Amino acid sequence: MDHLARAHELLAAHPIVDGHNDLPWALREQVGYDLDARDIAADQRGLLHTDLARLRAGGVGGQFWSVYVRTDLTGDAAVSATLEQIDIVAELIARYPTHLRRALTADDLEKARAQGRIASLMGAEGGHSINNSLGTLRALYELGVRYMTLTHNDNIDWADSATDLRRLGGLSAFGHEVVREMNRIGMLVDLSHVADGVMRDAIATSTAPVIFSHSSARAVCDHPRNIPDDVLAALPANGGVAMATFVPKFVLPAAVAWTQAADRNMREHGLHHLDTTPQAMRIHEDFEAAHPRPQATVATIADHLDHMREVAGVDHIGIGGDYDGTAFTPYGLEDVSGYPNLIAELLRRNWSEGELAKLTWQNAVRVLRDAEAVARDEQATRGPSHATITELDGRRIR
């Protein structure tokens with residue numbers, strides 16, 4: 001049996017909805033949003049993980065474009081940078097109308113698929129993007145943002161990050177109010193990057209399904225960015241979806257220590273460890289030549305998905321590659337054209353076509369539709385919250 005050919009056939013009917021792609025930030029960092037300099041209608045191999053031809057080859061039918069901004073941007077600067085990220089996504093959609101379609105709802109996803117276009121949604125990555133303002137949160141929703149990752153790599157005033165020192169033990173009172181307001185407006189609560197306590201607090205508070213836009217299984221790779229089994233097991237009752245990521249340092253135990261050394265090398269060269277500019281990639285390549293990198297593969301990601309299916313159930317899993325947000329990718333999943341290789345591997349592991357349709361398309365569409373239904377119900381009973389962090393928490397942490 002030709003599993004790869006069958007994977008392509010399946011993706012033609014049930015394309016990938018990918019939870020997280022950092023192309024907007026890569027465009028900012030590499031070329032200052034000059035789309036002529038990074039025209040994704042042309043081949044961008046060697047420069048980006050993403051271009052239109054490779055999205056098509058990968059069977060991508062829906063993409064949450066991350067409107068991420070670094071955590072060293074704070075306050076109004078973080079808000080402004082987030083708006084610039086939203087602006088470049090709008091520019092991409094307008095520039096490539098035969099390929100991309102703006103999507104705000106589950107119905108928009110279905111319409112884009114019927115038109116043969118890639119549904120383009122947005123997710124804000126880190127609660128620092130709203131500068132402790134529920135009004136700003138609502139404004140981002142009006143501009144098309146459909147999920148917010150509560151933290152990125154650093155703590156914020158109202159939530160702990162997975163990769164920072166614990167301060168709150170979970171969500172503050174204002175953090176709980178952020179979750180409630182996200183439920184009310186229909187914005188998905190994204191729990192990638194957050195500390196375990198925030199995961200549990202958010203699931204307990206949320207009346208709508210949550211997502212993990214790009215996180216894998218901690219039982220398979222013990223990294224704080226991954227999801228512990230008790231949280232995976234809580235997703236069926238919540239209705240949420242955990243989208244496995246491809247970042248080697250989060251999925252392959254042997255890559256964890258190596259990546260720490262590679263990140264340290266970047267900082268010694270005066271560069272941010274998440275930098276993916278050509279200069280930064282040359283430094284990465286030189287380091288890798290001297291220190292061969294442990295290689296994650298398609299099978300590594302399939303191991304995570306096997307475990308996540310077993311613990312959370314096939315109705316509660318998805319895919320969030322984190323392309324253009326990571327310097328390294330697994331063998332066979334080097335860029336956005338690689339998704340068929342993963343589907344072929346899962347077919348070899350006897351996943352049914354029905355299960356794979358849920359993984360690739362149906363679960364993501366369903367979770368968005370469920371969040372929309374919750375928002376309609378909540379808006380019928382209560383209006384916007386104007387609570388402030390000072391009122392609810394008494395003081396800021398920083």
# chains A, B, ... in the order shown; residues from 1 in each chain; ligands from 1
$ residues_around --residues "range 58-65 of chain A" --least-positions-apart "2" --cutoff "7 Å" --atoms "only C-alpha atoms" --output "list in words"
Leu11, Ala12, Pro15, Ile16, Val17, Asp18, Gly19, His20, Asn21, Asp22, Arg54, Leu55, Arg56, Val67, Leu109, Arg113, Arg117, Ile118, Ala119, Ser120, Leu121, Met122, Gly123, Val336, Ser337, Gly338, Tyr339 and Pro340 of chain A
$ write_last_selection --atoms "C-alpha atoms" --output "tab-separated table (two decimals), in the first residue's frame"
chain	number	residue	atom	x	y	z
A	11	LEU	CA	-5.59	15.75	2.81
A	12	ALA	CA	-7.37	16.74	-0.40
A	15	PRO	CA	-6.83	19.41	4.82
A	16	ILE	CA	-4.64	20.44	7.70
A	17	VAL	CA	-5.78	23.21	10.01
A	18	ASP	CA	-2.45	24.14	11.56
A	19	GLY	CA	-2.61	25.88	14.94
A	20	HIS	CA	0.53	28.00	14.76
A	21	ASN	CA	2.81	29.51	12.11
A	22	ASP	CA	5.16	32.42	12.85
A	54	ARG	CA	4.69	24.43	-0.11
A	55	LEU	CA	1.46	25.15	1.80
A	56	ARG	CA	-0.40	23.62	-1.13
A	67	VAL	CA	0.68	37.60	15.54
A	109	LEU	CA	-13.14	27.71	7.29
A	113	ARG	CA	-12.14	24.83	1.73
A	117	ARG	CA	-8.31	28.58	-0.64
A	118	ILE	CA	-6.37	28.48	2.63
A	119	ALA	CA	-8.46	29.84	5.49
A	120	SER	CA	-6.34	32.42	7.29
A	121	LEU	CA	-7.00	33.04	10.97
A	122	MET	CA	-4.90	34.80	13.60
A	123	GLY	CA	-3.72	33.97	17.09
A	336	VAL	CA	5.07	23.19	5.60
A	337	SER	CA	5.16	20.76	2.67
A	338	GLY	CA	5.88	17.87	5.06
A	339	TYR	CA	2.47	17.19	6.59
A	340	PRO	CA	1.69	14.31	4.17
$ select_by_dssp --residues "range 106-284 of chain A" --states "helix (DSSP H, G or I)" --output "PyMOL selection string"
chain A and resi 106-115+127-130+134-142+173-185+196-205+229-238+248-251+253-268+278-284
$ residues_around --residues "range 316-328 of chain A" --least-positions-apart "3" --cutoff "6 Å" --atoms "only C-alpha atoms" --output "PyMOL selection string"
chain A and resi 18-23+49+213-214+240-246+276+312-313+359
$ select_by_dssp --residues "range 41-227 of chain A" --states "strand (DSSP E)" --output "list in words"
Val60, Gly61, Gly62, Gln63, Phe64, Trp65, Ser66, Leu100, Arg101, Arg102, Ile118, Ala119, Ser120, Leu121, Met122, Gly123, Ala124, Glu125, Val145, Arg146, Tyr147, Met148, Thr149, Leu188, Val189, Asp190, Val210, Ile211 and Phe212 of chain A
$ residues_around --residues "Asp263 in chain A" --least-positions-apart "3" --cutoff "9 Å" --atoms "only C-alpha atoms" --output "short mmCIF file (atom, residue, chain, number, x, y, z; two decimals) with N, CA and C atoms, in the first residue's frame"
data_model
loop_
_atom_site.label_atom_id
_atom_site.label_comp_id
_atom_site.auth_asym_id
_atom_site.auth_seq_id
_atom_site.Cartn_x
_atom_site.Cartn_y
_atom_site.Cartn_z
N TRP A 258 21.02 19.65 23.92
CA TRP A 258 21.70 20.20 22.75
C TRP A 258 21.16 21.59 22.42
N THR A 259 19.85 21.76 22.49
CA THR A 259 19.25 23.05 22.16
C THR A 259 19.63 24.11 23.17
N GLN A 260 19.73 23.74 24.43
CA GLN A 260 20.18 24.71 25.43
C GLN A 260 21.58 25.22 25.09
N MET A 266 23.96 31.21 20.57
CA MET A 266 23.34 32.37 19.92
C MET A 266 23.50 33.62 20.78
N ARG A 267 23.23 33.48 22.06
CA ARG A 267 23.34 34.64 22.95
C ARG A 267 24.77 35.13 23.04
N GLU A 268 25.74 34.22 22.98
CA GLU A 268 27.15 34.62 23.00
C GLU A 268 27.52 35.40 21.76
N HIS A 272 19.27 36.96 19.72
CA HIS A 272 18.21 36.30 20.46
C HIS A 272 18.14 34.84 20.04
N HIS A 273 17.88 33.95 20.98
CA HIS A 273 17.91 32.52 20.64
C HIS A 273 16.78 32.11 19.71
N LEU A 274 15.73 32.94 19.57
CA LEU A 274 14.64 32.63 18.64
C LEU A 274 14.83 33.29 17.27
N HIS A 284 23.72 29.13 13.61
CA HIS A 284 23.18 27.82 13.97
C HIS A 284 23.87 26.71 13.18
#
$ closest_residue --among "A:Gly32, A:Gly186, A:Gly270, A:Gly175" --to "Arg376 in chain A" --atoms "only C-alpha atoms"
A:Gly186
$ closest_residue --among "A:Ser215, A:Asn183, A:Thr71, A:Gln85" --to "Ser385 in chain A" --atoms "only C-alpha atoms"
A:Asn183
$ atom_distance --atom1 "CA of Asp229 in chain A" --atom2 "CA of Pro253 in chain A"
17.0 Å
$ residues_around --residues "Ala13 in chain A" --least-positions-apart "6" --cutoff "12 Å" --atoms "only C-alpha atoms" --output "PyMOL selection string"
chain A and resi 6-7+59-61+110+113-114+116+353-354+356-358+360-362
$ residues_around --residues "Thr388 in chain A" --least-positions-apart "3" --cutoff "12 Å" --atoms "only C-alpha atoms" --output "PyMOL selection string"
chain A and resi 131-136+157-158+172-178+385+391-396
$ residues_around --residues "range 287-300 of chain A" --least-positions-apart "2" --cutoff "7 Å" --atoms "only C-alpha atoms" --output "list of chain:residue names"
A:Pro248, A:Val251, A:Leu252, A:Ala254, A:Ala255, A:Trp258, A:Ala262, A:Ile283, A:His284, A:Glu285, A:Ala302, A:Asp303, A:His304, A:Pro330, A:Tyr331, A:Gly332, A:Leu333, A:Leu342, A:Glu345
$ write_last_selection --atoms "all heavy atoms" --output "compact mmCIF listing (two decimals), in the first residue's frame"
# COMPACT_ATOMS: atom_id res chain seq x y z
N PRO A 248 11.88 20.36 17.71
CA PRO A 248 12.66 19.24 18.25
C PRO A 248 12.96 19.33 19.73
O PRO A 248 12.91 18.33 20.45
CB PRO A 248 13.94 19.28 17.40
CG PRO A 248 13.48 19.81 16.08
CD PRO A 248 12.46 20.87 16.44
N VAL A 251 10.09 17.92 21.63
CA VAL A 251 9.54 16.59 21.33
C VAL A 251 10.55 15.46 21.45
O VAL A 251 10.16 14.30 21.59
CB VAL A 251 8.90 16.56 19.92
CG1 VAL A 251 7.74 17.53 19.84
CG2 VAL A 251 9.92 16.83 18.82
N LEU A 252 11.84 15.77 21.42
CA LEU A 252 12.88 14.74 21.45
C LEU A 252 13.75 14.94 22.68
O LEU A 252 14.46 15.94 22.78
CB LEU A 252 13.74 14.84 20.18
CG LEU A 252 14.83 13.76 20.02
CD1 LEU A 252 14.20 12.39 19.78
CD2 LEU A 252 15.77 14.13 18.87
N ALA A 254 16.58 13.84 23.65
CA ALA A 254 18.01 14.06 23.39
C ALA A 254 18.30 15.46 22.86
O ALA A 254 19.44 15.93 22.94
CB ALA A 254 18.50 13.02 22.38
N ALA A 255 17.29 16.12 22.33
CA ALA A 255 17.49 17.46 21.77
C ALA A 255 17.43 18.56 22.81
O ALA A 255 17.82 19.70 22.52
CB ALA A 255 16.44 17.72 20.69
N TRP A 258 21.02 19.65 23.92
CA TRP A 258 21.70 20.20 22.75
C TRP A 258 21.16 21.59 22.42
O TRP A 258 21.92 22.52 22.13
CB TRP A 258 21.51 19.27 21.55
CG TRP A 258 22.26 19.72 20.33
CD1 TRP A 258 23.52 19.32 19.96
CD2 TRP A 258 21.81 20.63 19.33
NE1 TRP A 258 23.88 19.95 18.78
CE2 TRP A 258 22.85 20.75 18.38
CE3 TRP A 258 20.64 21.36 19.14
CZ2 TRP A 258 22.74 21.58 17.26
CZ3 TRP A 258 20.53 22.20 18.03
CH2 TRP A 258 21.56 22.30 17.10
N ALA A 262 22.90 25.26 22.03
CA ALA A 262 22.78 26.05 20.80
C ALA A 262 22.22 27.45 21.10
O ALA A 262 22.68 28.45 20.53
CB ALA A 262 21.88 25.33 19.80
N ILE A 283 24.89 31.05 11.96
CA ILE A 283 25.51 30.74 13.26
C ILE A 283 25.02 29.38 13.77
O ILE A 283 25.80 28.56 14.27
CB ILE A 283 25.22 31.86 14.27
CG1 ILE A 283 25.95 33.14 13.84
CG2 ILE A 283 25.63 31.45 15.68
CD1 ILE A 283 25.56 34.38 14.63
N HIS A 284 23.72 29.13 13.61
CA HIS A 284 23.18 27.82 13.97
C HIS A 284 23.87 26.71 13.18
O HIS A 284 24.23 25.66 13.72
CB HIS A 284 21.68 27.78 13.68
CG HIS A 284 20.83 28.32 14.78
ND1 HIS A 284 20.89 27.85 16.08
CD2 HIS A 284 19.85 29.27 14.77
CE1 HIS A 284 20.00 28.49 16.83
NE2 HIS A 284 19.37 29.35 16.07
N GLU A 285 24.02 26.92 11.87
CA GLU A 285 24.61 25.89 11.01
C GLU A 285 26.06 25.61 11.39
O GLU A 285 26.50 24.45 11.39
CB GLU A 285 24.50 26.33 9.55
CG GLU A 285 23.07 26.28 9.01
CD GLU A 285 22.90 27.10 7.74
OE1 GLU A 285 23.92 27.63 7.24
OE2 GLU A 285 21.75 27.21 7.26
N ALA A 302 4.82 11.36 15.54
CA ALA A 302 3.78 10.34 15.59
C ALA A 302 3.70 9.69 16.97
O ALA A 302 2.62 9.36 17.45
CB ALA A 302 4.03 9.28 14.52
N ASP A 303 4.85 9.53 17.63
CA ASP A 303 4.84 8.99 18.99
C ASP A 303 4.03 9.89 19.93
O ASP A 303 3.26 9.41 20.78
CB ASP A 303 6.26 8.85 19.52
CG ASP A 303 7.05 7.74 18.85
OD1 ASP A 303 6.44 6.87 18.19
OD2 ASP A 303 8.30 7.74 18.99
N HIS A 304 4.22 11.19 19.80
CA HIS A 304 3.45 12.12 20.62
C HIS A 304 1.96 12.01 20.30
O HIS A 304 1.12 11.99 21.21
CB HIS A 304 3.94 13.56 20.39
CG HIS A 304 5.19 13.89 21.12
ND1 HIS A 304 5.20 14.44 22.37
CD2 HIS A 304 6.50 13.72 20.77
CE1 HIS A 304 6.45 14.61 22.77
NE2 HIS A 304 7.26 14.18 21.81
N PRO A 330 11.98 18.66 12.35
CA PRO A 330 12.29 17.23 12.25
C PRO A 330 12.58 16.79 10.81
O PRO A 330 12.10 17.40 9.84
CB PRO A 330 11.01 16.56 12.76
CG PRO A 330 10.29 17.61 13.54
CD PRO A 330 10.62 18.89 12.83
N TYR A 331 13.32 15.71 10.70
CA TYR A 331 13.55 15.10 9.39
C TYR A 331 12.22 14.60 8.83
O TYR A 331 11.47 13.90 9.50
CB TYR A 331 14.52 13.92 9.53
CG TYR A 331 14.83 13.23 8.23
CD1 TYR A 331 15.68 13.81 7.30
CD2 TYR A 331 14.24 12.01 7.92
CE1 TYR A 331 15.96 13.18 6.09
CE2 TYR A 331 14.50 11.37 6.72
CZ TYR A 331 15.36 11.96 5.80
OH TYR A 331 15.62 11.35 4.61
N GLY A 332 11.92 15.01 7.61
CA GLY A 332 10.65 14.67 6.98
C GLY A 332 9.58 15.71 7.19
O GLY A 332 8.54 15.68 6.54
N LEU A 333 9.83 16.63 8.12
CA LEU A 333 8.89 17.75 8.39
C LEU A 333 9.68 19.05 8.36
O LEU A 333 9.49 19.94 9.18
CB LEU A 333 8.21 17.55 9.74
CG LEU A 333 7.24 16.37 9.83
CD1 LEU A 333 6.89 16.06 11.28
CD2 LEU A 333 5.97 16.65 9.03
N LEU A 342 3.75 12.97 7.71
CA LEU A 342 3.22 12.63 9.03
C LEU A 342 1.95 11.80 8.90
O LEU A 342 1.77 10.79 9.61
CB LEU A 342 2.95 13.90 9.83
CG LEU A 342 2.32 13.71 11.21
CD1 LEU A 342 3.19 12.83 12.10
CD2 LEU A 342 2.06 15.06 11.87
N GLU A 345 2.81 8.30 8.00
CA GLU A 345 3.32 7.55 9.14
C GLU A 345 2.18 7.08 10.04
O GLU A 345 2.18 5.95 10.54
CB GLU A 345 4.30 8.40 9.93
CG GLU A 345 4.79 7.80 11.24
CD GLU A 345 5.62 6.54 11.05
OE1 GLU A 345 6.15 6.31 9.94
OE2 GLU A 345 5.76 5.78 12.03
$ atom_distance --atom1 "CA of Asn341 in chain A" --atom2 "CA of Asp315 in chain A"
21.4 Å
$ closest_residue --among "A:Lys111, A:His223, A:His99, A:Arg70" --to "Ala124 in chain A" --atoms "only C-alpha atoms"
A:Arg70
$ closest_residue --among "A:Asp335, A:Leu83, A:Met199, A:Leu92" --to "Thr50 in chain A" --atoms "only C-alpha atoms"
A:Asp335
$ atom_distance --atom1 "CA of Asn238 in chain A" --atom2 "CA of Pro209 in chain A"
5.3 Å
